[in-house]
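The file work30.txt comes next; it holds compact mmCIF, C-alpha atoms.
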```
# COMPACT_ATOMS: atom_id res chain seq x y z
CA MET A 27 108.21 69.45 100.47
CA ILE A 28 107.05 71.91 103.09
CA SER A 29 108.14 69.69 105.98
CA LEU A 30 111.54 69.27 104.35
CA LEU A 31 111.86 73.06 104.14
CA LEU A 32 110.71 73.43 107.74
CA ILE A 33 113.32 70.90 108.93
CA LEU A 34 115.97 72.83 106.98
CA ILE A 35 114.77 76.05 108.62
CA ILE A 36 115.07 74.51 112.08
CA CYS A 37 118.58 73.27 111.29
CA ALA A 38 119.65 76.72 110.05
CA ALA A 39 118.09 78.41 113.09
CA VAL A 40 119.90 76.08 115.50
CA TYR A 41 123.14 76.73 113.62
CA THR A 42 122.48 80.49 113.88
CA LEU A 43 122.22 80.23 117.64
CA SER A 44 125.13 77.86 118.16
CA SER A 45 127.75 79.16 115.72
CA SER A 46 130.62 80.96 117.39
CA ASN A 47 131.39 82.98 114.27
CA LEU A 48 128.80 85.74 114.12
CA LEU A 49 129.13 86.19 110.35
CA HIS A 50 128.24 82.54 109.78
CA GLY A 51 125.27 83.06 112.06
CA VAL A 52 124.08 86.04 110.02
CA ILE A 53 124.36 84.09 106.78
CA ALA A 54 122.43 81.19 108.29
CA MET A 55 119.75 83.64 109.44
CA SER A 56 119.35 85.04 105.95
CA PHE A 57 119.10 81.43 104.75
CA VAL A 58 116.20 80.97 107.20
CA SER A 59 114.49 84.04 105.70
CA LEU A 60 115.04 82.79 102.16
CA LEU A 61 113.57 79.37 102.95
CA SER A 62 110.56 80.90 104.68
CA ALA A 63 110.03 83.14 101.64
CA LEU A 64 110.00 79.97 99.54
CA ILE A 65 107.42 78.41 101.88
CA PHE A 66 105.25 81.54 101.67
CA TYR A 67 105.40 81.33 97.90
CA ILE A 68 104.42 77.66 97.92
CA LEU A 69 101.51 78.50 100.22
CA GLN A 70 100.35 81.07 97.62
CA ALA A 71 101.17 84.24 99.52
CA PRO A 72 103.46 86.02 97.04
CA ASP A 73 103.04 89.37 98.84
CA VAL A 74 104.48 87.99 102.05
CA ALA A 75 107.15 86.15 100.08
CA ILE A 76 108.34 89.38 98.45
CA THR A 77 108.45 91.14 101.81
CA GLU A 78 110.24 88.29 103.53
CA ALA A 79 112.85 88.01 100.77
CA ALA A 80 113.45 91.75 100.61
CA VAL A 81 113.47 92.50 104.34
CA GLY A 82 114.68 89.25 105.86
CA ALA A 83 117.20 88.06 103.34
CA GLY A 84 118.18 91.48 101.96
CA VAL A 85 118.07 94.53 104.16
CA SER A 86 118.43 92.93 107.58
CA THR A 87 121.41 90.84 106.46
CA VAL A 88 123.10 93.93 105.07
CA ILE A 89 122.47 95.84 108.31
CA TYR A 90 123.81 92.96 110.44
CA VAL A 91 126.94 92.67 108.31
CA TRP A 92 127.57 96.41 108.59
CA ALA A 93 127.09 96.25 112.34
CA LEU A 94 129.57 93.35 112.50
CA ARG A 95 132.11 95.30 110.48
CA TYR A 96 132.10 98.16 112.94
CA THR A 97 132.28 96.04 116.09
CA LYS A 98 135.25 94.18 117.53
CA ARG A 99 135.41 90.51 118.23
CA SER A 100 136.40 89.51 121.71
CA ASP A 101 136.14 86.25 123.62
CA ASP A 102 136.80 86.69 127.31
CA GLY A 103 134.62 84.47 129.46
CA ASP A 104 130.90 84.62 128.97
CA SER A 105 129.02 86.30 126.16
CA MET B 17 125.56 81.99 122.36
CA ALA B 18 125.99 82.04 126.12
CA THR B 19 128.91 79.85 127.05
CA PRO B 20 129.63 80.23 130.77
CA LYS B 21 132.96 78.75 131.78
CA THR B 22 132.00 77.18 135.08
CA ARG B 23 130.42 73.74 135.10
CA PHE B 24 127.58 74.95 137.23
CA GLY B 25 126.74 77.69 134.74
CA LYS B 26 126.84 75.21 131.88
CA ILE B 27 124.35 72.95 133.62
CA TRP B 28 122.12 75.92 134.28
CA SER B 29 122.16 77.08 130.67
CA LYS B 30 121.34 73.57 129.44
CA ALA B 31 118.52 73.31 131.94
CA GLY B 32 117.22 76.66 130.73
CA ALA B 33 117.25 75.49 127.12
CA VAL B 34 115.39 72.28 127.96
CA LEU B 35 112.92 74.22 130.07
CA SER B 36 112.18 76.74 127.32
CA VAL B 37 111.67 73.98 124.72
CA ALA B 38 109.32 72.22 127.14
CA ALA B 39 107.40 75.46 127.73
CA ILE B 40 107.02 76.08 123.99
CA GLY B 41 105.81 72.52 123.54
CA PHE B 42 103.34 72.94 126.40
CA VAL B 43 101.91 76.05 124.74
CA LEU B 44 101.80 74.63 121.21
CA PHE B 45 100.56 71.10 122.03
CA PRO B 46 96.83 72.01 122.33
CA ILE B 47 97.01 73.67 118.92
CA PHE B 48 98.17 70.42 117.32
CA LEU B 49 95.44 68.48 119.11
CA ALA B 50 92.61 70.88 118.31
CA ASP B 51 90.42 70.02 115.37
CA ASN B 52 88.33 73.18 115.22
CA PRO B 53 87.40 74.26 111.72
CA TRP B 54 89.07 77.42 110.46
CA PRO B 55 86.95 80.56 110.77
CA VAL B 56 85.55 81.24 107.32
CA GLU B 57 83.20 84.19 107.85
CA ALA B 58 85.71 86.97 107.27
CA ARG B 59 87.32 85.08 104.40
CA ASP B 60 84.04 84.58 102.59
CA TYR B 61 82.98 88.17 103.16
CA LEU B 62 86.29 89.46 101.76
CA ALA B 63 86.17 87.17 98.76
CA ALA B 64 82.65 88.29 97.97
CA MET B 65 82.75 92.00 98.77
CA GLY B 66 86.39 93.08 98.93
CA GLN B 67 86.85 94.03 95.31
CA ALA B 68 83.51 95.80 95.04
CA GLU B 69 84.03 97.85 98.18
CA THR B 70 87.64 98.94 97.73
CA GLY B 71 88.23 98.42 94.02
CA ALA B 72 91.42 96.46 94.58
CA VAL B 73 91.80 93.17 92.72
CA ASN B 74 94.62 92.16 95.06
CA LEU B 75 92.67 91.41 98.23
CA VAL B 76 95.73 91.76 100.44
CA SER B 77 96.04 95.44 99.59
CA SER B 78 92.30 95.89 99.97
CA ILE B 79 92.71 94.59 103.52
CA TYR B 80 95.74 96.55 104.64
CA LEU B 81 94.71 99.79 102.95
CA GLY B 82 90.97 99.37 103.43
CA TYR B 83 89.62 97.30 106.26
CA ARG B 84 92.75 97.29 108.45
CA ILE B 85 94.22 100.68 107.63
CA PHE B 86 94.70 101.61 111.27
CA ASP B 87 97.27 98.82 111.48
CA THR B 88 99.08 100.36 108.53
CA LEU B 89 99.08 103.77 110.20
CA GLY B 90 100.50 102.17 113.34
CA GLU B 91 103.19 100.39 111.34
CA THR B 92 104.33 103.59 109.66
CA ILE B 93 104.51 105.27 113.08
CA VAL B 94 106.57 102.32 114.37
CA LEU B 95 108.92 102.79 111.43
CA LEU B 96 109.27 106.48 112.24
CA VAL B 97 110.10 105.67 115.87
CA ALA B 98 112.63 103.03 114.75
CA VAL B 99 114.42 105.57 112.57
CA LEU B 100 114.44 108.06 115.46
CA GLY B 101 115.88 105.49 117.87
CA THR B 102 118.57 104.37 115.43
CA MET B 103 119.55 107.96 114.76
CA SER B 104 119.90 108.73 118.47
CA ILE B 105 122.01 105.60 119.07
CA LEU B 106 124.19 106.21 116.01
CA SER B 107 124.86 109.84 116.90
CA ARG B 108 125.94 108.71 120.37
CA VAL B 109 128.26 106.08 118.87
CA GLU B 110 129.75 108.68 116.54
CA SER B 111 130.53 111.00 119.42
CA LEU B 112 132.15 108.09 121.32
CA VAL B 113 134.32 107.28 118.31
CA ASP B 114 135.30 110.91 117.98
CA ASP B 115 136.42 111.19 121.59
CA SER B 116 138.58 108.07 121.78
CA PRO B 117 142.06 109.22 120.60
CA ALA B 118 142.46 112.48 122.53
CA ASP B 119 146.26 112.77 122.24
CA ASP B 120 146.49 115.98 120.19
CA ALA B 121 145.02 118.56 122.53
CA GLY B 122 145.89 121.61 120.48
CA LYS B 123 143.35 121.03 117.78
CA SER B 124 139.75 122.06 117.90
CA GLY B 125 137.06 119.46 118.46
CA ALA B 126 135.98 119.30 114.85
CA ASP B 127 139.52 118.68 113.60
CA LYS B 128 140.05 115.96 116.15
CA ALA B 129 136.80 114.34 115.16
CA GLY B 130 137.82 114.36 111.53
CA ASP B 131 141.22 112.85 112.37
CA ALA B 132 139.67 110.13 114.46
CA LEU B 133 137.25 109.29 111.71
CA LYS B 134 140.02 109.16 109.13
CA LYS B 135 142.14 106.91 111.35
CA SER B 136 139.45 104.40 112.12
CA GLY B 137 137.95 104.41 108.67
CA GLY B 138 135.09 106.07 110.47
CA PHE B 139 131.48 105.75 109.59
CA SER B 140 131.89 107.57 106.34
CA LEU B 141 131.41 106.02 102.98
CA SER B 142 133.19 108.77 101.09
CA ARG B 143 136.21 108.69 103.39
CA GLU B 144 136.42 104.94 102.96
CA LYS B 145 136.50 105.44 99.24
CA ARG B 146 139.41 107.85 99.44
CA HIS B 147 141.39 105.30 101.43
CA SER B 148 140.99 102.82 98.57
CA HIS B 149 139.25 100.20 100.60
CA THR B 150 140.09 96.76 99.29
CA LEU B 151 136.51 95.57 99.24
CA ARG B 152 135.31 98.54 97.21
CA THR B 153 136.25 97.54 93.70
CA ASP B 154 135.44 98.97 90.30
CA LEU B 155 133.28 95.92 89.70
CA LEU B 156 131.08 96.74 92.68
CA GLU B 157 130.70 100.36 91.62
CA ALA B 158 129.91 99.53 88.01
CA VAL B 159 127.39 96.80 88.84
CA THR B 160 125.56 98.66 91.58
CA GLY B 161 125.53 101.92 89.65
CA LYS B 162 124.05 100.29 86.56
CA ILE B 163 121.58 97.99 88.29
CA GLY B 164 120.34 100.60 90.78
CA PRO B 165 117.98 102.53 88.45
CA VAL B 166 116.47 99.27 87.17
CA ILE B 167 115.71 98.17 90.72
CA LEU B 168 114.28 101.62 91.42
CA ILE B 169 111.85 101.27 88.51
CA PHE B 170 110.91 97.76 89.64
CA GLY B 171 110.25 99.07 93.15
CA PHE B 172 107.95 101.78 91.81
CA TYR B 173 106.17 99.20 89.67
CA VAL B 174 105.57 96.93 92.67
CA MET B 175 104.42 99.97 94.64
CA LEU B 176 102.01 101.43 92.10
CA PHE B 177 100.51 98.15 90.84
CA GLY B 178 99.95 96.74 94.31
CA HIS B 179 96.20 96.80 93.83
CA VAL B 180 96.23 94.36 90.89
CA SER B 181 99.32 92.21 91.41
CA PRO B 182 101.24 90.89 94.40
CA GLY B 183 103.07 93.72 96.06
CA GLY B 184 102.14 97.04 97.54
CA GLY B 185 103.51 99.94 99.49
CA PHE B 186 105.66 98.08 101.98
CA GLN B 187 107.18 95.65 99.50
CA GLY B 188 107.82 98.30 96.87
CA GLY B 189 109.21 100.61 99.53
CA VAL B 190 111.79 98.05 100.63
CA ILE B 191 112.82 97.48 97.01
CA VAL B 192 113.14 101.25 96.55
CA ALA B 193 115.28 101.38 99.68
CA SER B 194 117.65 98.74 98.33
CA ALA B 195 117.79 100.66 95.06
CA ILE B 196 118.77 103.78 97.02
CA VAL B 197 121.55 101.81 98.74
CA PHE B 198 122.74 100.51 95.36
CA LEU B 199 122.76 104.01 93.89
CA THR B 200 124.75 105.27 96.86
CA LEU B 201 127.30 102.48 96.54
CA GLY B 202 127.57 102.83 92.80
CA ASN B 203 128.09 106.57 92.56
CA PRO B 204 131.36 107.57 94.17
CA GLY B 205 131.79 111.03 95.52
CA ALA B 206 128.66 113.02 96.07
CA GLY B 207 126.30 110.23 95.02
CA THR B 208 122.88 110.87 93.58
CA LEU B 209 120.17 113.11 94.91
CA LEU B 210 118.65 110.09 96.63
CA SER B 211 121.82 109.45 98.66
CA ASN B 212 121.43 112.81 100.33
CA THR B 213 119.98 112.15 103.75
CA ARG B 214 118.43 115.61 103.85
CA VAL B 215 116.38 114.84 100.76
CA LEU B 216 115.42 111.45 102.15
CA SER B 217 114.28 112.79 105.49
CA THR B 218 112.26 115.51 103.76
CA LEU B 219 110.67 112.85 101.57
CA GLU B 220 109.80 110.72 104.57
CA THR B 221 108.22 113.49 106.60
CA ALA B 222 106.34 114.78 103.56
CA ALA B 223 104.99 111.29 102.91
CA PHE B 224 103.85 110.97 106.51
CA LEU B 225 102.13 114.36 106.38
CA LEU B 226 100.48 113.40 103.12
CA MET B 227 99.28 110.16 104.66
CA LEU B 228 97.69 112.03 107.57
CA LEU B 229 96.03 114.43 105.14
CA LEU B 230 94.76 111.52 103.06
CA SER B 231 93.46 109.78 106.16
CA SER B 232 91.33 112.79 107.06
CA SER B 233 90.26 113.49 103.46
CA GLY B 234 87.41 111.03 103.91
CA LEU B 235 85.93 113.32 106.54
CA LEU B 236 85.03 115.90 103.89
CA PHE B 237 83.03 113.32 101.94
CA GLY B 238 81.17 111.95 104.91
CA GLN B 239 83.13 108.68 105.07
CA GLY B 240 84.81 109.10 108.43
CA PHE B 241 88.47 108.90 109.39
CA PHE B 242 90.37 106.85 106.79
CA GLY B 243 87.19 106.42 104.83
CA ASN B 244 87.58 106.16 101.10
CA PRO B 245 86.49 109.53 99.64
CA MET B 246 85.80 107.83 96.30
CA ALA B 247 83.75 105.03 97.77
CA GLY B 248 80.67 105.64 95.66
CA ALA B 249 82.52 106.76 92.56
CA GLU B 250 83.36 104.75 89.49
CA ASN B 251 86.91 103.80 90.40
CA PRO B 252 87.48 103.63 94.14
CA GLU B 253 90.89 101.98 93.64
CA VAL B 254 92.47 105.39 93.02
CA TYR B 255 92.52 105.93 96.78
CA ILE B 256 94.33 102.58 97.22
CA ILE B 257 96.89 103.52 94.56
CA ILE B 258 97.61 106.88 96.19
CA LEU B 259 97.90 105.32 99.65
CA ASN B 260 100.21 102.60 98.27
CA ALA B 261 102.44 105.24 96.71
CA VAL B 262 102.57 107.29 99.91
CA VAL B 263 103.30 104.28 102.12
CA GLY B 264 105.94 103.07 99.66
CA LEU B 265 107.65 106.46 99.56
CA LYS B 266 107.68 106.60 103.33
CA VAL B 267 109.05 103.08 103.79
CA GLY B 268 111.62 103.49 101.03
CA ALA B 269 112.84 106.86 102.25
CA SER B 270 113.11 105.80 105.90
CA LEU B 271 114.83 102.47 105.21
CA GLY B 272 117.21 104.08 102.73
CA PHE B 273 117.89 106.79 105.29
CA LEU B 274 118.69 104.15 107.91
CA CYS B 275 121.06 102.24 105.64
CA ILE B 276 122.87 105.34 104.42
CA THR B 277 123.25 106.56 107.99
CA MET B 278 124.71 103.22 108.99
CA MET B 279 127.16 103.46 106.11
CA GLY B 280 128.09 106.88 107.43
CA GLY B 281 126.81 109.11 104.64
CA HIS B 282 124.80 111.24 107.05
CA LYS B 283 125.30 114.95 106.54
```
I'd like the structure from this file rewritten - as structure tokens, please.
Amino acid sequence: MISLLLILIICAAVYTLSSSNLLHGVIAMSFVSLLSALIFYILQAPDVAITEAAVGAGVSTVIYVWALRYTKRSDDGDS
Amino acid sequence: MATPKTRFGKIWSKAGAVLSVAAIGFVLFPIFLADNPWPVEARDYLAAMGQAETGAVNLVSSIYLGYRIFDTLGETIVLLVAVLGTMSILSRVESLVDDSPADDAGKSGADKAGDALKKSGGFSLSREKRHSHTLRTDLLEAVTGKIGPVILIFGFYVMLFGHVSPGGGFQGGVIVASAIVFLTLGNPGAGTLLSNTRVLSTLETAAFLLMLLLSSSGLLFGQGFFGNPMAGAENPEVYIIILNAVVGLKVGASLGFLCITMMGGHK
């Protein structure tokens, strides 16, 4: 179970790095946080699970999405 | 992701990726091979003595508000510095946005700034509302306005019962911060008292001052810096509860302050 979740986390993290659409990357990153919160809960650390779910999947996703809304998308050469 | 256009650059970026994976593997490989037993001394000591010494049933909170409280103090200071840095960056961005369309030279700076903000949608939540933003529906306002107080109560519960159940100051503080964001989104116009950044910053600084006072309160009872003044008393967990509440208020106020500032509600 845990190794399945870890493999899913690695897949989502690779997708976060490689996706060209930044919004998709942000969603995949919050998916990583959600899965790690699940792993923390399975490993009997509910404190850490609450923090990970609230900070990683909640607040940081919201902040990233706001930052994306106020920035422009451009694709000229590198970056 | 870095996607250089030249072939040479592509090869280099791939080589860098392979090299970094190899380096991580090189560092982590001995850990997989090692068969040392886990250190059990600290764990056994905490399991045996933690509740008696700090009064907290939840051993996690007895650690981060008892044995490792200097880490907690450092974390709250880091949070304070993060808020300061974000504020300085955001104020710079706001001034850049204000300066961009400088075609009407007759107006004063403040008027121009207001115009620029109105044109671009600006950083302001209330201005966005007036322009009937398509994403800001009645559904969003009704749901967030109704669910916000419930989340606020849940955050305070997690904060104040951190010594007996999973949770504590940091977790409850983050939940309180999301409740503050919900209340701000759900109450159009002036918002609630908690959406006022002046109130939030006052709350944060007051909580930090209170934490410093609490940290030195042990000195008066001969317990040292961050010593529990009620260590010998009947219920030493009162100190943990107060510290949890203070840390939670500080985290909630500063994170809510950050989010509201990013939404543009800063006054």
Of the listed residues A:Tyr96, A:His50, A:Ser59, A:Thr42, that which approaches Gly82 (chain A) most closely, counting all atoms listed in the file: A:Ser59
Neighbour list for Ala71 (chain A) as a VMD selection string, cut-off 12 Å, all atoms listed in the file, skip fewer than 3 positions in-chain: (chain A and resid 62 to 68 74 to 78) or (chain B and resid 74 to 76 181 to 183)
Gap from CA of Leu44 (chain B) to CA of Tyr61 (chain B) - Å, one decimal: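 Taking CA of Leu44 (chain B) and CA of Tyr61 (chain B), their separation equals 29.4 Å.
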Length of the CA of Trp28 (chain B) to CA of Ile35 (chain A) vector [Å]: 26.7 Å
All residues 7 Å or closer to Met175 (chain B), all atoms listed in the file, same chain fewer than 2 positions away omitted, as JSON, numbers by chain: {"B": [171, 172, 173, 177, 178, 183, 184, 185, 188, 189, 260, 261, 264]}
Exercise answer, chain A residues close to chain B, 10 Å and all atoms listed in the file, as a list in words: Thr42, Leu43, Ser44, Ser45, Ser46, Leu48, Ala71, Pro72, Asp73, Val74, Ala75, Ile76, Thr77, Glu78, Ala79, Ala80, Val81, Gly84, Val85, Ser86, Val88, Ile89, Trp92, Ala93, Tyr96, Asp102, Gly103, Asp104 and Ser105 of chain A
Pick from B:Ile256, B:Ala63, B:Leu265, B:Ala249 nearest to Leu219 (chain B), counting all atoms listed in the file: B:Leu265
Pairwise distance for CA of Gly202 (chain B) and CA of Ile169 (chain B), rounded to one decimal in Å: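 Rounded to one decimal, the two atoms are 16.4 Å apart.
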Ref. answer, residues at most 12 Å from (116.8, 114.7, 104.9) with only C-alpha atoms, as a VMD selection string: chain B and resid 209 to 222 269 to 270 272 to 274 276 to 277 281 to 283
Place N, CA, C and O atoms on region 238-255 of chain B and deliver the coordinates as a CSV table (one decimal), in the frame of the given file.
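Listed below is the output, part.csv:
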```csv
chain,number,residue,atom,x,y,z
B,238,GLY,N,82.1,112.7,104.1
B,238,GLY,CA,81.2,112.0,104.9
B,238,GLY,C,81.5,110.5,105.1
B,238,GLY,O,80.6,109.7,105.2
B,239,GLN,N,82.8,110.1,105.0
B,239,GLN,CA,83.1,108.7,105.1
B,239,GLN,C,83.8,108.4,106.4
B,239,GLN,O,84.2,107.2,106.6
B,240,GLY,N,84.1,109.4,107.2
B,240,GLY,CA,84.8,109.1,108.4
B,240,GLY,C,86.3,109.1,108.3
B,240,GLY,O,86.8,109.1,107.1
B,241,PHE,N,87.0,108.9,109.4
B,241,PHE,CA,88.5,108.9,109.4
B,241,PHE,C,89.0,107.7,108.6
B,241,PHE,O,88.5,106.6,108.9
B,242,PHE,N,89.8,107.9,107.7
B,242,PHE,CA,90.4,106.8,106.8
B,242,PHE,C,89.3,106.2,105.9
B,242,PHE,O,89.5,105.1,105.4
B,243,GLY,N,88.2,106.9,105.8
B,243,GLY,CA,87.2,106.4,104.8
B,243,GLY,C,87.6,106.7,103.4
B,243,GLY,O,88.4,107.7,103.2
B,244,ASN,N,87.2,105.9,102.5
B,244,ASN,CA,87.6,106.2,101.1
B,244,ASN,C,86.7,107.3,100.5
B,244,ASN,O,85.5,107.1,100.4
B,245,PRO,N,87.3,108.4,100.2
B,245,PRO,CA,86.5,109.5,99.6
B,245,PRO,C,85.9,109.2,98.3
B,245,PRO,O,84.9,109.9,97.9
B,246,MET,N,86.4,108.2,97.6
B,246,MET,CA,85.8,107.8,96.3
B,246,MET,C,85.0,106.5,96.4
B,246,MET,O,85.0,105.7,95.5
B,247,ALA,N,84.4,106.3,97.6
B,247,ALA,CA,83.8,105.0,97.8
B,247,ALA,C,82.6,104.8,96.8
B,247,ALA,O,82.4,103.7,96.3
B,248,GLY,N,81.8,105.8,96.5
B,248,GLY,CA,80.7,105.6,95.7
B,248,GLY,C,81.0,105.9,94.2
B,248,GLY,O,80.2,105.6,93.3
B,249,ALA,N,82.2,106.4,93.9
B,249,ALA,CA,82.5,106.8,92.6
B,249,ALA,C,82.8,105.5,91.7
B,249,ALA,O,82.7,104.4,92.1
B,250,GLU,N,83.2,105.8,90.4
B,250,GLU,CA,83.4,104.8,89.5
B,250,GLU,C,84.6,103.9,89.8
B,250,GLU,O,84.5,102.7,89.6
B,251,ASN,N,85.7,104.6,90.2
B,251,ASN,CA,86.9,103.8,90.4
B,251,ASN,C,87.5,104.1,91.8
B,251,ASN,O,88.3,105.0,91.9
B,252,PRO,N,87.0,103.4,92.8
B,252,PRO,CA,87.5,103.6,94.1
B,252,PRO,C,88.9,103.2,94.4
B,252,PRO,O,89.5,103.5,95.4
B,253,GLU,N,89.5,102.5,93.4
B,253,GLU,CA,90.9,102.0,93.6
B,253,GLU,C,91.9,103.1,93.6
B,253,GLU,O,93.1,102.9,93.9
B,254,VAL,N,91.5,104.3,93.1
B,254,VAL,CA,92.5,105.4,93.0
B,254,VAL,C,93.0,105.7,94.4
B,254,VAL,O,94.2,106.0,94.6
B,255,TYR,N,92.1,105.7,95.4
B,255,TYR,CA,92.5,105.9,96.8
B,255,TYR,C,93.6,104.9,97.2
B,255,TYR,O,94.6,105.3,97.9
```
